[in-house]
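**Q** Input file: coords31.cif. Contents: mmCIF, C-alpha atoms.
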```cif
data_coords
#
loop_
_atom_site.label_atom_id
_atom_site.label_comp_id
_atom_site.auth_asym_id
_atom_site.auth_seq_id
_atom_site.Cartn_x
_atom_site.Cartn_y
_atom_site.Cartn_z
CA MET A 1 99.72 55.20 83.39
CA ARG A 2 98.89 58.91 83.50
CA GLN A 3 96.80 60.07 86.45
CA ARG A 4 93.34 61.28 85.37
CA VAL A 5 92.56 64.70 86.84
CA LEU A 6 89.87 67.36 86.73
CA LEU A 7 91.06 70.99 86.58
CA ALA A 8 89.04 73.47 88.64
CA GLY A 9 89.32 77.16 89.38
CA ILE A 10 87.54 80.22 90.75
CA TRP A 11 87.25 83.10 88.25
CA GLU A 12 87.42 86.05 90.60
CA GLN A 13 85.65 89.22 89.55
CA GLU A 14 88.79 91.35 89.08
CA ASN A 15 90.90 88.67 87.41
CA SER A 16 91.15 89.56 83.69
CA ASP A 17 93.91 86.99 83.15
CA PHE A 18 91.97 83.90 84.26
CA GLU A 19 91.89 82.03 80.93
CA ARG A 20 95.66 82.29 80.49
CA GLN A 21 96.16 81.06 84.07
CA MET A 22 93.95 78.04 83.41
CA ASP A 23 95.86 77.27 80.20
CA GLU A 24 99.09 77.43 82.19
CA LEU A 25 97.58 75.12 84.84
CA ARG A 26 96.83 72.61 82.08
CA GLY A 27 100.45 72.91 80.94
CA LEU A 28 101.66 72.25 84.49
CA ALA A 29 99.42 69.17 84.73
CA ASP A 30 100.83 67.91 81.43
CA ALA A 31 104.37 68.50 82.71
CA CYS A 32 103.46 66.32 85.69
CA GLU A 33 102.27 63.60 83.27
CA MET A 34 98.60 63.98 84.20
CA GLU A 35 95.65 63.46 81.85
CA VAL A 36 93.13 66.31 82.07
CA VAL A 37 89.67 64.76 81.58
CA ASP A 38 87.48 67.75 82.49
CA VAL A 39 87.56 71.43 83.52
CA MET A 40 85.22 73.15 86.00
CA VAL A 41 85.03 76.91 86.56
CA GLN A 42 82.97 79.02 88.93
CA LYS A 43 82.69 82.82 88.69
CA LEU A 44 82.66 84.45 92.13
CA PRO A 45 83.65 87.85 93.58
CA ARG A 46 86.28 85.92 95.53
CA MET A 47 86.99 82.31 96.50
CA GLN A 48 85.14 80.88 99.51
CA PRO A 49 87.42 80.97 102.58
CA ALA A 50 86.18 77.63 103.94
CA SER A 51 85.61 75.45 100.87
CA TYR A 52 87.11 77.41 97.91
CA PHE A 53 83.99 76.70 95.78
CA GLY A 54 80.36 77.39 96.56
CA SER A 55 78.30 74.45 97.86
CA GLY A 56 76.31 74.07 94.62
CA ARG A 57 79.42 73.89 92.45
CA LEU A 58 80.96 71.31 94.79
CA LEU A 59 78.00 69.00 94.10
CA GLU A 60 78.49 69.50 90.33
CA ILE A 61 82.20 68.70 90.60
CA LYS A 62 81.43 65.55 92.58
CA GLU A 63 79.08 64.40 89.79
CA ARG A 64 81.69 65.18 87.11
CA LEU A 65 84.30 63.23 89.05
CA ALA A 66 82.08 60.15 89.00
CA GLU A 67 81.26 60.55 85.29
CA SER A 68 84.85 61.13 84.15
CA GLU A 69 86.44 58.66 86.59
CA ALA A 70 89.00 61.31 87.54
CA GLU A 71 91.28 60.39 90.45
CA ALA A 72 92.05 63.91 91.68
CA VAL A 73 91.11 67.58 91.37
CA VAL A 74 93.82 70.11 90.49
CA VAL A 75 92.94 73.56 91.83
CA LEU A 76 94.08 76.84 90.24
CA HIS A 77 95.13 78.59 93.47
CA GLU A 78 97.15 77.66 96.51
CA CYS A 79 94.64 76.42 99.10
CA THR A 80 94.69 76.93 102.84
CA PRO A 81 94.86 73.83 105.08
CA SER A 82 91.16 74.17 105.94
CA GLN A 83 90.18 74.52 102.26
CA LEU A 84 92.13 71.37 101.40
CA ARG A 85 90.51 69.47 104.29
CA ASN A 86 86.99 70.61 103.41
CA LEU A 87 87.43 69.95 99.68
CA GLU A 88 88.68 66.41 100.29
CA ARG A 89 85.76 65.71 102.67
CA SER A 90 83.21 67.09 100.20
CA LEU A 91 84.61 65.48 97.04
CA ASN A 92 86.07 62.32 98.59
CA CYS A 93 89.16 62.46 96.38
CA ARG A 94 92.68 63.83 96.40
CA ILE A 95 93.02 67.63 96.02
CA ILE A 96 96.19 69.06 94.45
CA ASP A 97 96.59 72.84 94.59
CA ARG A 98 98.82 74.82 92.19
CA THR A 99 101.75 74.98 94.61
CA GLN A 100 101.69 71.23 95.26
CA LEU A 101 101.51 70.58 91.51
CA ILE A 102 104.62 72.70 90.85
CA LEU A 103 106.44 71.01 93.71
CA GLN A 104 105.66 67.61 92.18
CA ILE A 105 107.13 68.76 88.84
CA PHE A 106 110.28 70.03 90.55
CA GLU A 107 110.60 66.75 92.47
CA ARG A 108 110.45 64.79 89.19
CA ARG A 109 113.01 67.02 87.41
CA ALA A 110 115.64 67.53 90.12
CA ARG A 111 118.85 65.77 89.09
CA THR A 112 121.71 67.26 91.13
CA LYS A 113 122.07 66.86 94.88
CA GLU A 114 121.63 70.62 95.35
CA ALA A 115 118.36 70.67 93.39
CA ARG A 116 117.00 67.65 95.26
CA ILE A 117 117.74 69.31 98.61
CA GLN A 118 116.10 72.54 97.46
CA VAL A 119 112.96 70.70 96.36
CA GLU A 120 112.72 68.67 99.57
CA MET A 121 113.16 71.83 101.64
CA ALA A 122 110.41 73.56 99.66
CA MET A 123 108.09 70.58 100.17
CA CYS A 124 108.76 70.57 103.92
CA GLN A 125 108.01 74.30 104.13
CA TYR A 126 104.79 73.74 102.20
CA GLU A 127 103.73 70.84 104.45
CA LEU A 128 104.50 72.50 107.79
CA PRO A 129 101.31 74.63 108.07
CA ARG A 130 99.28 71.72 106.66
CA LEU A 131 100.21 69.14 109.28
CA MET A 132 96.89 69.60 111.08
CA HIS A 133 95.18 68.57 107.85
CA ALA A 134 97.46 65.54 107.46
CA SER A 135 97.07 64.39 111.05
CA ASP A 136 93.42 65.18 111.75
CA HIS A 137 92.54 61.46 111.69
CA TRP A 138 94.04 61.25 115.20
CA SER A 139 91.80 64.02 116.53
CA ARG A 140 88.70 61.82 116.18
CA GLN A 141 90.25 59.08 118.33
CA ALA A 142 90.94 60.91 121.59
CA GLY A 143 89.89 63.96 123.57
CA GLY A 144 89.56 65.17 127.14
CA ARG A 145 91.30 67.79 129.24
CA ASN A 146 94.81 66.56 128.49
CA LYS A 147 96.37 66.51 125.07
CA GLY A 148 94.88 63.78 122.93
CA LYS A 149 96.68 61.57 120.46
CA GLY A 150 96.01 64.06 117.65
CA GLU A 151 97.70 66.96 119.44
CA GLN A 152 100.59 64.78 120.56
CA GLN A 153 101.12 63.43 117.06
CA LEU A 154 100.89 66.93 115.56
CA ALA A 155 103.54 68.29 117.94
CA LEU A 156 105.84 65.37 117.13
CA ASP A 157 105.30 65.79 113.39
CA LYS A 158 106.02 69.53 113.58
CA ARG A 159 109.25 69.03 115.49
CA ALA A 160 110.39 66.33 113.06
CA LEU A 161 109.64 68.52 110.07
CA GLN A 162 111.36 71.56 111.59
CA ARG A 163 114.44 69.47 112.38
CA ARG A 164 114.48 68.21 108.79
CA ILE A 165 114.24 71.78 107.41
CA THR A 166 117.14 72.87 109.65
CA SER A 167 119.22 69.89 108.52
CA LEU A 168 118.47 70.57 104.84
CA LYS A 169 119.38 74.25 105.20
CA ARG A 170 122.69 73.29 106.77
CA GLU A 171 123.43 70.78 104.00
CA LEU A 172 122.43 73.26 101.29
CA ALA A 173 124.62 75.99 102.81
CA GLY A 174 127.60 73.61 102.69
CA ILE A 175 127.06 72.85 98.99
CA GLN A 176 126.60 76.52 98.12
CA GLU A 177 129.70 77.51 100.10
CA LYS A 178 131.70 74.98 98.11
CA LYS A 179 130.26 76.33 94.85
CA GLU A 180 131.09 79.88 95.93
CA THR A 181 134.71 78.85 96.56
CA GLN A 182 134.84 77.27 93.10
CA ARG A 183 133.28 80.39 91.62
CA ARG A 184 135.88 82.67 93.21
CA PHE A 185 138.60 80.44 91.83
CA GLY A 186 136.89 80.48 88.44
CA GLN A 187 136.84 84.28 88.41
CA GLN A 188 140.45 84.11 87.25
CA SER A 189 139.06 83.01 83.87
CA PRO A 190 139.00 85.87 81.35
CA LEU A 191 135.89 84.47 79.67
CA LYS A 192 132.70 86.49 79.93
CA LYS A 193 129.81 84.85 81.79
CA ILE A 194 126.42 85.01 80.06
CA ALA A 195 123.20 83.74 81.68
CA LEU A 196 120.08 82.60 79.85
CA VAL A 197 116.93 83.86 81.59
CA GLY A 198 113.27 83.84 80.68
CA TYR A 199 109.84 82.39 81.31
CA THR A 200 109.66 78.63 81.55
CA ASN A 201 109.43 76.86 78.17
CA ALA A 202 110.72 79.88 76.23
CA GLY A 203 113.43 77.73 74.62
CA LYS A 204 116.49 78.54 76.74
CA SER A 205 117.80 74.96 76.75
CA THR A 206 117.30 74.70 72.97
CA VAL A 207 119.37 77.87 72.49
CA LEU A 208 122.11 76.43 74.72
CA ASN A 209 122.12 73.09 72.88
CA HIS A 210 122.27 74.76 69.45
CA LEU A 211 125.25 76.87 70.51
CA LEU A 212 126.92 73.71 71.83
CA MET A 213 126.31 72.08 68.45
CA LEU A 214 127.92 75.05 66.68
CA SER A 215 130.80 74.68 69.14
CA GLU A 216 131.16 71.05 68.01
CA GLN A 217 130.84 69.96 71.64
CA ALA A 218 130.14 66.33 72.52
CA LYS A 219 126.46 65.36 72.76
CA GLU A 220 126.97 64.49 76.42
CA LYS A 221 127.33 68.22 77.10
CA GLN A 222 123.82 68.93 75.82
CA VAL A 223 121.01 69.49 78.31
CA LEU A 224 117.44 68.18 78.38
CA GLU A 225 115.07 70.06 76.11
CA GLN A 226 111.36 69.30 75.99
CA ASP A 227 108.21 71.22 75.11
CA LEU A 228 107.19 71.19 78.76
CA LEU A 229 107.08 73.70 81.59
CA PHE A 230 110.17 73.38 83.82
CA ALA A 231 111.93 70.90 81.51
CA THR A 232 115.19 72.23 82.97
CA LEU A 233 115.59 72.55 86.72
CA ASP A 234 119.32 72.28 87.43
CA THR A 235 121.77 75.05 86.59
CA ASN A 236 124.02 74.14 83.65
CA VAL A 237 127.18 76.04 82.66
CA ARG A 238 128.87 75.30 79.33
CA LEU A 239 131.82 76.68 77.35
CA ILE A 240 130.70 78.09 73.98
CA GLN A 241 133.65 78.22 71.58
CA VAL A 242 132.49 78.64 67.97
CA LYS A 243 135.18 79.02 65.31
CA GLY A 244 135.49 82.66 64.23
CA HIS A 245 133.76 83.97 67.37
CA THR A 246 134.89 85.00 70.85
CA PRO A 247 134.36 82.17 73.40
CA PHE A 248 132.24 82.65 76.54
CA LEU A 249 130.63 80.72 79.39
CA LEU A 250 126.87 80.23 79.09
CA SER A 251 124.55 79.18 81.93
CA ASP A 252 120.97 77.91 81.74
CA ALA A 253 118.84 77.65 84.87
CA VAL A 254 115.26 77.12 85.99
CA GLY A 255 112.69 79.17 84.08
CA PHE A 256 110.61 81.88 85.69
CA LEU A 257 106.88 81.60 86.37
CA GLU A 258 104.20 84.05 87.40
CA GLN A 259 103.44 83.76 91.13
CA LEU A 260 106.14 81.17 91.77
CA PRO A 261 105.17 79.57 95.13
CA LYS A 262 106.86 81.09 98.19
CA PRO A 263 108.46 77.81 99.36
CA LEU A 264 110.16 77.49 95.97
CA LEU A 265 111.22 81.13 95.94
CA ALA A 266 112.92 80.64 99.29
CA ALA A 267 114.52 77.30 98.40
CA PHE A 268 115.71 78.35 94.93
CA ASP A 269 116.74 81.91 95.75
CA ALA A 270 120.45 81.05 95.63
CA THR A 271 120.02 79.29 92.27
CA LEU A 272 118.07 82.20 90.80
CA LYS A 273 120.68 84.62 92.08
CA GLU A 274 123.33 82.84 90.03
CA ALA A 275 122.20 85.28 87.35
CA GLN A 276 123.62 88.11 89.50
CA LYS A 277 127.13 86.84 88.78
CA ALA A 278 126.74 87.09 85.01
CA ASP A 279 128.29 89.79 82.86
CA LEU A 280 125.30 89.73 80.52
CA LEU A 281 121.74 88.36 80.62
CA LEU A 282 120.22 86.82 77.50
CA HIS A 283 116.46 87.20 77.98
CA ILE A 284 114.87 84.49 75.80
CA ILE A 285 111.25 85.24 74.83
CA ASP A 286 108.90 82.85 73.02
CA ILE A 287 107.43 85.17 70.38
CA SER A 288 105.10 82.42 69.13
CA ASP A 289 103.24 82.57 72.46
CA PRO A 290 100.23 84.93 72.23
CA GLN A 291 100.95 85.93 75.85
CA PHE A 292 104.66 86.63 75.32
CA ALA A 293 104.37 90.31 76.37
CA ILE A 294 102.92 89.33 79.77
CA LYS A 295 105.57 86.66 80.29
CA ARG A 296 108.30 89.12 79.26
CA GLU A 297 107.09 91.46 81.99
CA VAL A 298 107.00 88.63 84.57
CA THR A 299 110.66 87.87 83.79
CA ILE A 300 111.65 91.53 84.11
CA GLN A 301 109.88 91.75 87.48
CA THR A 302 111.56 88.54 88.67
CA LEU A 303 114.98 89.88 87.66
CA GLN A 304 114.25 93.01 89.68
CA ARG A 305 113.25 90.91 92.67
CA ILE A 306 116.47 88.90 92.66
CA GLY A 307 118.65 92.00 92.22
CA CYS A 308 119.57 91.64 88.53
CA ALA A 309 117.85 94.73 87.15
CA GLN A 310 121.16 96.61 86.86
CA LEU A 311 122.87 93.95 84.70
CA PRO A 312 123.23 94.42 80.92
CA CYS A 313 120.43 92.49 79.19
CA MET A 314 119.95 91.49 75.55
CA GLU A 315 116.43 90.47 74.51
CA VAL A 316 116.24 87.50 72.13
CA TYR A 317 112.88 86.60 70.58
CA ASN A 318 112.89 82.85 69.90
CA LYS A 319 110.67 80.51 67.82
CA VAL A 320 110.21 82.90 64.88
CA ASP A 321 109.86 79.78 62.70
CA LEU A 322 106.47 79.20 64.36
CA CYS A 323 105.22 82.66 63.40
CA SER A 324 103.94 82.95 59.83
CA ASP A 325 103.42 86.66 60.35
CA LEU A 326 104.89 88.53 63.29
CA GLN A 327 102.19 90.63 64.91
CA GLU A 328 104.73 92.90 66.57
CA GLU A 329 107.02 95.22 64.63
CA LYS A 330 110.62 94.10 65.02
CA ARG A 331 112.64 96.14 67.49
CA ASN A 332 116.09 97.38 66.52
CA ASP A 333 117.46 96.67 70.02
CA ALA A 334 116.40 92.98 70.00
CA LEU A 335 117.35 89.81 68.13
CA TYR A 336 114.95 87.40 66.39
CA ILE A 337 115.99 83.74 66.14
CA SER A 338 114.86 80.16 65.83
CA ALA A 339 117.05 77.86 67.89
CA HIS A 340 115.52 74.87 66.05
CA SER A 341 116.00 76.04 62.46
CA GLU A 342 119.24 78.00 63.09
CA GLU A 343 117.65 81.21 61.81
CA GLY A 344 119.40 84.17 63.45
CA MET A 345 121.84 82.07 65.50
CA ARG A 346 124.91 83.42 63.68
CA GLN A 347 123.59 86.96 64.14
CA LEU A 348 123.29 86.19 67.85
CA LEU A 349 126.95 85.14 68.02
CA THR A 350 127.99 88.28 66.10
CA ALA A 351 125.99 90.45 68.52
CA LEU A 352 127.69 88.73 71.47
CA ASP A 353 131.09 89.33 69.85
CA ALA A 354 130.27 93.03 69.48
CA TRP A 355 129.14 93.22 73.11
CA GLN A 356 132.27 91.47 74.39
CA TRP A 357 134.57 93.90 72.57
CA GLU A 358 132.59 97.14 72.82
CA ASP A 359 134.90 98.44 75.57
CA SER A 360 138.17 97.52 73.85
CA VAL A 361 140.99 99.31 72.08
CA ALA A 362 142.92 98.36 68.91
CA LEU A 363 146.65 98.08 69.66
CA SER A 364 149.98 96.68 68.46
CA TRP A 365 152.56 94.88 70.64
CA ARG A 366 156.09 93.52 70.40
CA PHE A 367 157.34 90.63 72.55
CA ALA A 368 160.90 89.34 72.71
CA TYR A 369 161.32 85.62 72.04
CA ASP A 370 162.18 85.00 75.69
CA GLN A 371 158.87 86.57 76.85
CA GLN A 372 156.63 83.61 76.01
CA ARG A 373 154.85 83.66 79.38
CA GLU A 374 153.83 87.30 78.93
CA LEU A 375 152.83 86.57 75.32
CA SER A 376 150.61 83.67 76.42
CA SER A 377 148.97 85.97 78.95
CA LEU A 378 148.14 88.49 76.20
CA TYR A 379 146.52 85.71 74.14
CA THR A 380 144.31 84.98 77.15
CA TYR A 381 142.73 88.44 77.10
CA ALA A 382 143.20 89.83 73.58
CA ASP A 383 141.59 89.14 70.22
CA ILE A 384 144.70 88.76 68.06
CA GLU A 385 144.19 89.60 64.38
CA THR A 386 147.76 89.41 62.99
CA ARG A 387 151.07 87.93 64.16
CA THR A 388 154.43 88.58 62.50
CA GLU A 389 157.72 87.06 63.61
CA LYS A 390 160.84 89.20 62.99
CA GLU A 391 164.46 89.03 64.08
CA ASN A 392 163.91 91.31 67.07
CA GLY A 393 160.67 89.78 68.32
CA ILE A 394 157.06 88.81 67.73
CA TYR A 395 154.73 91.58 66.55
CA LEU A 396 150.99 91.37 67.07
CA GLN A 397 147.91 93.44 66.28
CA GLY A 398 144.49 93.06 67.86
CA LYS A 399 141.92 94.27 70.37
CA LEU A 400 142.27 94.30 74.14
CA PRO A 401 139.69 95.18 76.83
CA SER A 402 140.45 98.69 78.09
CA LYS A 403 140.69 97.51 81.70
CA ARG A 404 143.55 95.16 80.71
CA ARG A 405 145.60 97.73 78.80
CA SER A 406 147.80 98.75 81.74
CA GLN A 407 148.88 95.09 82.17
CA PHE A 408 150.53 95.05 78.70
CA ARG A 409 151.34 98.73 78.21
CA GLY A 410 155.09 98.04 78.33
CA TYR A 411 154.83 95.88 75.19
CA GLU A 412 152.93 98.37 73.04
CA CYS A 413 154.58 99.55 69.83
CA GLU A 414 153.80 101.46 66.66
CA GLU A 415 151.70 99.73 64.03
CA ILE A 416 153.54 96.99 62.17
#
```
Once more with this new file: its structure as structure tokens, please.
**A**
Amino acid sequence: MRQRVLLAGIWEQENSDFERQMDELRGLADACEMEVVDVMVQKLPRMQPASYFGSGRLLEIKERLAESEAEAVVVLHECTPSQLRNLERSLNCRIIDRTQLILQIFERRARTKEARIQVEMAMCQYELPRLMHASDHWSRQAGGRNKGKGEQQLALDKRALQRRITSLKRELAGIQEKKETQRRFGQQSPLKKIALVGYTNAGKSTVLNHLLMLSEQAKEKQVLEQDLLFATLDTNVRLIQVKGHTPFLLSDAVGFLEQLPKPLLAAFDATLKEAQKADLLLHIIDISDPQFAIKREVTIQTLQRIGCAQLPCMEVYNKVDLCSDLQEEKRNDALYISAHSEEGMRQLLTALDAWQWEDSVALSWRFAYDQQRELSSLYTYADIETRTEKENGIYLQGKLPSKRRSQFRGYECEEI
């Protein structure tokens, strides 16, 4: 049964983006399988430092809670420990701030051991400054000159949480070191590495799954795709090998979000930085979203933050099938697709082919029949267009990346 919640937020005087933020909060609640039964908003110059809302609005929210039978209040901003404590005392119900809501979604979606460790570490980091709030029931039971039960329990809880964070960091470092070793070994592969990036729910997983379908890959290779924020949490890497096109490795990771909570930024930094190892970024943008320009900018800023601004990037506007009339004029340096209807997907593959071979040279080679190992190596790196077998050897024509030319220069010959 879905938890019934009331959404609530402070519309600060200088916040011109409030309505979009509240819509996104509703989307996050839906992703956490909550039922939104009511919405309360208060316009203030700034949120109240002690209680978030003003006292009058708190009374109104309490009445709405009783009328709607909501079980919890989901708050737009991240609350301080004292705000959480005061809100729960005033409203007599559970308070879930934006950060806690996102953490709950991540906890539900984590599938791999690495992702589960990252989420638990983020939750511990979130809880650490809020332990006083969690343990304040002890403070009413003891006092005096010496430390009471509340202070003793708080100190014990802090130490336990800090030890857990240290243990999780150590475990996570071990997993990431192993992945780094595998990555260095995998660098021997000649295949280009392409990373899907973009705002959450832009359709990255749908693009990946459609390319897997064109590759005639088994259904087990497909990843979860849902019309939900953060439907994909774990990093997925798949071989895309479509007949008539150059193969490549494609990765799909967690989507970006405006003001991603600090605990998650710290815990998922290594995962986000996987994009740094790509040869090309495919920035997927949901053009059917009225706020796509803002979300595009959030993604660009996030890429800058994680050190990916210098990487080649191809912008791909997805979900054109949901737009009866594009409001924006199409850009010549971008692609427009629908991963659901296949519109533009072949053009995407052609564009990726052109990118992969833009720094290549057309050449001819001749290999003796006893040079099969060297010939196999050429096939690894070159796009072979013709092959002719003659008495004195095997003649080939094709394209080769310029940086690989010196490796096969001794086999070059005149055109066949």
**Q** Could you give me, as an MDAnalysis selection string, the residues that have an atom at most 8 Å away from the point (140.8, 93.3, 73.3) in the coordinates of the file, using only C-alpha atoms?
**A** chainID A and resid 357 360:362 381:384 398:402
**Q** Name the residues in contact with region 93-102 of chain A at a cut-off of 7 Å, using all atoms listed in the file, excluding same-chain residues fewer than 3 positions from it; report them as a PyMOL selection string.
**A** chain A and resi 71-79+84+88+105-106+261
**Q** Kindly assemble as CSV a list of the region 233-338 of chain A residues that lie within 8 Å of region 189-205 of chain A, each paired with its nearest atom pair and their distance in Å to one decimal, using only C-alpha atoms, sorted first by chain and then by ascending residue number.
**A**
```
residue,atom,partner,partner_atom,distance
A:Pro247,CA,A:Leu191,CA,6.9
A:Phe248,CA,A:Leu191,CA,5.1
A:Leu249,CA,A:Lys193,CA,4.8
A:Leu250,CA,A:Ile194,CA,4.9
A:Ser251,CA,A:Ala195,CA,4.8
A:Asp252,CA,A:Leu196,CA,5.1
A:Ala253,CA,A:Leu196,CA,7.2
A:Val254,CA,A:Thr200,CA,7.3
A:Gly255,CA,A:Thr200,CA,4.0
A:Phe256,CA,A:Tyr199,CA,4.5
A:Leu257,CA,A:Tyr199,CA,5.9
A:Ala275,CA,A:Ala195,CA,6.0
A:Lys277,CA,A:Lys193,CA,7.7
A:Ala278,CA,A:Lys193,CA,5.0
A:Asp279,CA,A:Lys193,CA,5.3
A:Leu280,CA,A:Ile194,CA,4.9
A:Leu281,CA,A:Ala195,CA,5.0
A:Leu282,CA,A:Leu196,CA,4.8
A:His283,CA,A:Val197,CA,4.9
A:Ile284,CA,A:Gly198,CA,5.2
A:Ile285,CA,A:Ala202,CA,5.6
A:Asp286,CA,A:Ala202,CA,4.7
A:Lys295,CA,A:Tyr199,CA,6.1
A:Arg296,CA,A:Tyr199,CA,7.2
A:Val298,CA,A:Tyr199,CA,7.6
A:Thr299,CA,A:Gly198,CA,5.7
A:Asn318,CA,A:Gly203,CA,7.0
A:Lys319,CA,A:Gly203,CA,7.8
```
**Q** Which residue gives the smallest distance to Leu211 (chain A) among A:Glu180, A:Glu342, A:Glu14, A:Glu385, with all atoms listed in the file counted?
**A**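 Smallest distance to Leu211 (chain A) is found for A:Glu342.
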**Q** At a cut-off of 9 Å around the point (132.0, 83.1, 65.5) (file coordinates), what residues fall inside when counting all atoms listed in the file? I'd like the answer as a VMD selection string.
**A** chain A and resid 241 to 247 346 349 to 350 353
**Q** What is the CA of Leu322 (chain A)-CA of Val207 (chain A) distance in Å, reported with one decimal?
**A**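 Result for CA of Leu322 (chain A) versus CA of Val207 (chain A): 15.3 Å, one decimal.
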**Q** For the PyMOL selection byres ((chain A and resi 41-47) around 12), applied here, can you spell out every residue it catches as a PyMOL selection string?
**A** chain A and resi 6-16+18-19+22+38-40+48-58+60-61+74-80+83
**Q** Just give me the gap between CA of Gln347 (chain A) and CA of Ser324 (chain A) in Å, one decimal is fine.
**A**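 About the pair CA of Gln347 (chain A) and CA of Ser324 (chain A): they are 20.5 Å apart.
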**Q** Have a look at A:Thr388, A:Lys262, A:Met314, A:Thr166 and name the one nearest to Ile300 (chain A); count all atoms listed in the file.
**A**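 That would be A:Met314, the residue with the smallest distance to Ile300 (chain A).
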**Q** What would region 237-250 of chain A look like with N, CA, C and O atoms in place, written as a PDB file, in the frame of the given file?
**A**
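Ended up saving to result21.pdb:
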```
ATOM      1  N   VAL A 237     126.222  75.067  83.188  1.00  0.00           N
ATOM      2  CA  VAL A 237     127.180  76.040  82.660  1.00  0.00           C
ATOM      3  C   VAL A 237     128.034  75.329  81.616  1.00  0.00           C
ATOM      4  O   VAL A 237     128.590  74.265  81.881  1.00  0.00           O
ATOM      5  N   ARG A 238     128.129  75.916  80.422  1.00  0.00           N
ATOM      6  CA  ARG A 238     128.870  75.300  79.330  1.00  0.00           C
ATOM      7  C   ARG A 238     129.781  76.333  78.647  1.00  0.00           C
ATOM      8  O   ARG A 238     129.433  77.510  78.570  1.00  0.00           O
ATOM      9  N   LEU A 239     130.921  75.851  78.139  1.00  0.00           N
ATOM     10  CA  LEU A 239     131.820  76.680  77.350  1.00  0.00           C
ATOM     11  C   LEU A 239     131.314  76.712  75.913  1.00  0.00           C
ATOM     12  O   LEU A 239     131.127  75.666  75.294  1.00  0.00           O
ATOM     13  N   ILE A 240     131.104  77.916  75.377  1.00  0.00           N
ATOM     14  CA  ILE A 240     130.700  78.090  73.980  1.00  0.00           C
ATOM     15  C   ILE A 240     131.906  78.645  73.229  1.00  0.00           C
ATOM     16  O   ILE A 240     132.354  79.766  73.503  1.00  0.00           O
ATOM     17  N   GLN A 241     132.428  77.855  72.299  1.00  0.00           N
ATOM     18  CA  GLN A 241     133.650  78.220  71.580  1.00  0.00           C
ATOM     19  C   GLN A 241     133.456  77.902  70.103  1.00  0.00           C
ATOM     20  O   GLN A 241     133.873  76.866  69.603  1.00  0.00           O
ATOM     21  N   VAL A 242     132.804  78.827  69.389  1.00  0.00           N
ATOM     22  CA  VAL A 242     132.490  78.640  67.970  1.00  0.00           C
ATOM     23  C   VAL A 242     133.605  79.270  67.140  1.00  0.00           C
ATOM     24  O   VAL A 242     134.006  80.414  67.397  1.00  0.00           O
ATOM     25  N   LYS A 243     134.090  78.533  66.160  1.00  0.00           N
ATOM     26  CA  LYS A 243     135.180  79.020  65.310  1.00  0.00           C
ATOM     27  C   LYS A 243     134.808  80.363  64.681  1.00  0.00           C
ATOM     28  O   LYS A 243     133.723  80.524  64.120  1.00  0.00           O
ATOM     29  N   GLY A 244     135.720  81.335  64.803  1.00  0.00           N
ATOM     30  CA  GLY A 244     135.490  82.660  64.230  1.00  0.00           C
ATOM     31  C   GLY A 244     134.784  83.608  65.181  1.00  0.00           C
ATOM     32  O   GLY A 244     134.537  84.765  64.822  1.00  0.00           O
ATOM     33  N   HIS A 245     134.448  83.128  66.392  1.00  0.00           N
ATOM     34  CA  HIS A 245     133.760  83.970  67.370  1.00  0.00           C
ATOM     35  C   HIS A 245     134.473  83.900  68.721  1.00  0.00           C
ATOM     36  O   HIS A 245     135.172  82.926  69.020  1.00  0.00           O
ATOM     37  N   THR A 246     134.264  84.929  69.528  1.00  0.00           N
ATOM     38  CA  THR A 246     134.890  85.000  70.850  1.00  0.00           C
ATOM     39  C   THR A 246     134.213  84.012  71.795  1.00  0.00           C
ATOM     40  O   THR A 246     132.985  84.024  71.914  1.00  0.00           O
ATOM     41  N   PRO A 247     134.976  83.147  72.481  1.00  0.00           N
ATOM     42  CA  PRO A 247     134.360  82.170  73.400  1.00  0.00           C
ATOM     43  C   PRO A 247     133.780  82.843  74.645  1.00  0.00           C
ATOM     44  O   PRO A 247     134.178  83.950  75.023  1.00  0.00           O
ATOM     45  N   PHE A 248     132.848  82.151  75.306  1.00  0.00           N
ATOM     46  CA  PHE A 248     132.240  82.650  76.540  1.00  0.00           C
ATOM     47  C   PHE A 248     131.641  81.483  77.304  1.00  0.00           C
ATOM     48  O   PHE A 248     131.499  80.375  76.761  1.00  0.00           O
ATOM     49  N   LEU A 249     131.305  81.713  78.555  1.00  0.00           N
ATOM     50  CA  LEU A 249     130.630  80.720  79.390  1.00  0.00           C
ATOM     51  C   LEU A 249     129.142  81.034  79.416  1.00  0.00           C
ATOM     52  O   LEU A 249     128.745  82.178  79.653  1.00  0.00           O
ATOM     53  N   LEU A 250     128.315  80.020  79.167  1.00  0.00           N
ATOM     54  CA  LEU A 250     126.870  80.230  79.090  1.00  0.00           C
ATOM     55  C   LEU A 250     126.175  79.343  80.119  1.00  0.00           C
ATOM     56  O   LEU A 250     126.440  78.142  80.199  1.00  0.00           O
TER      57      LEU A 250
END
```
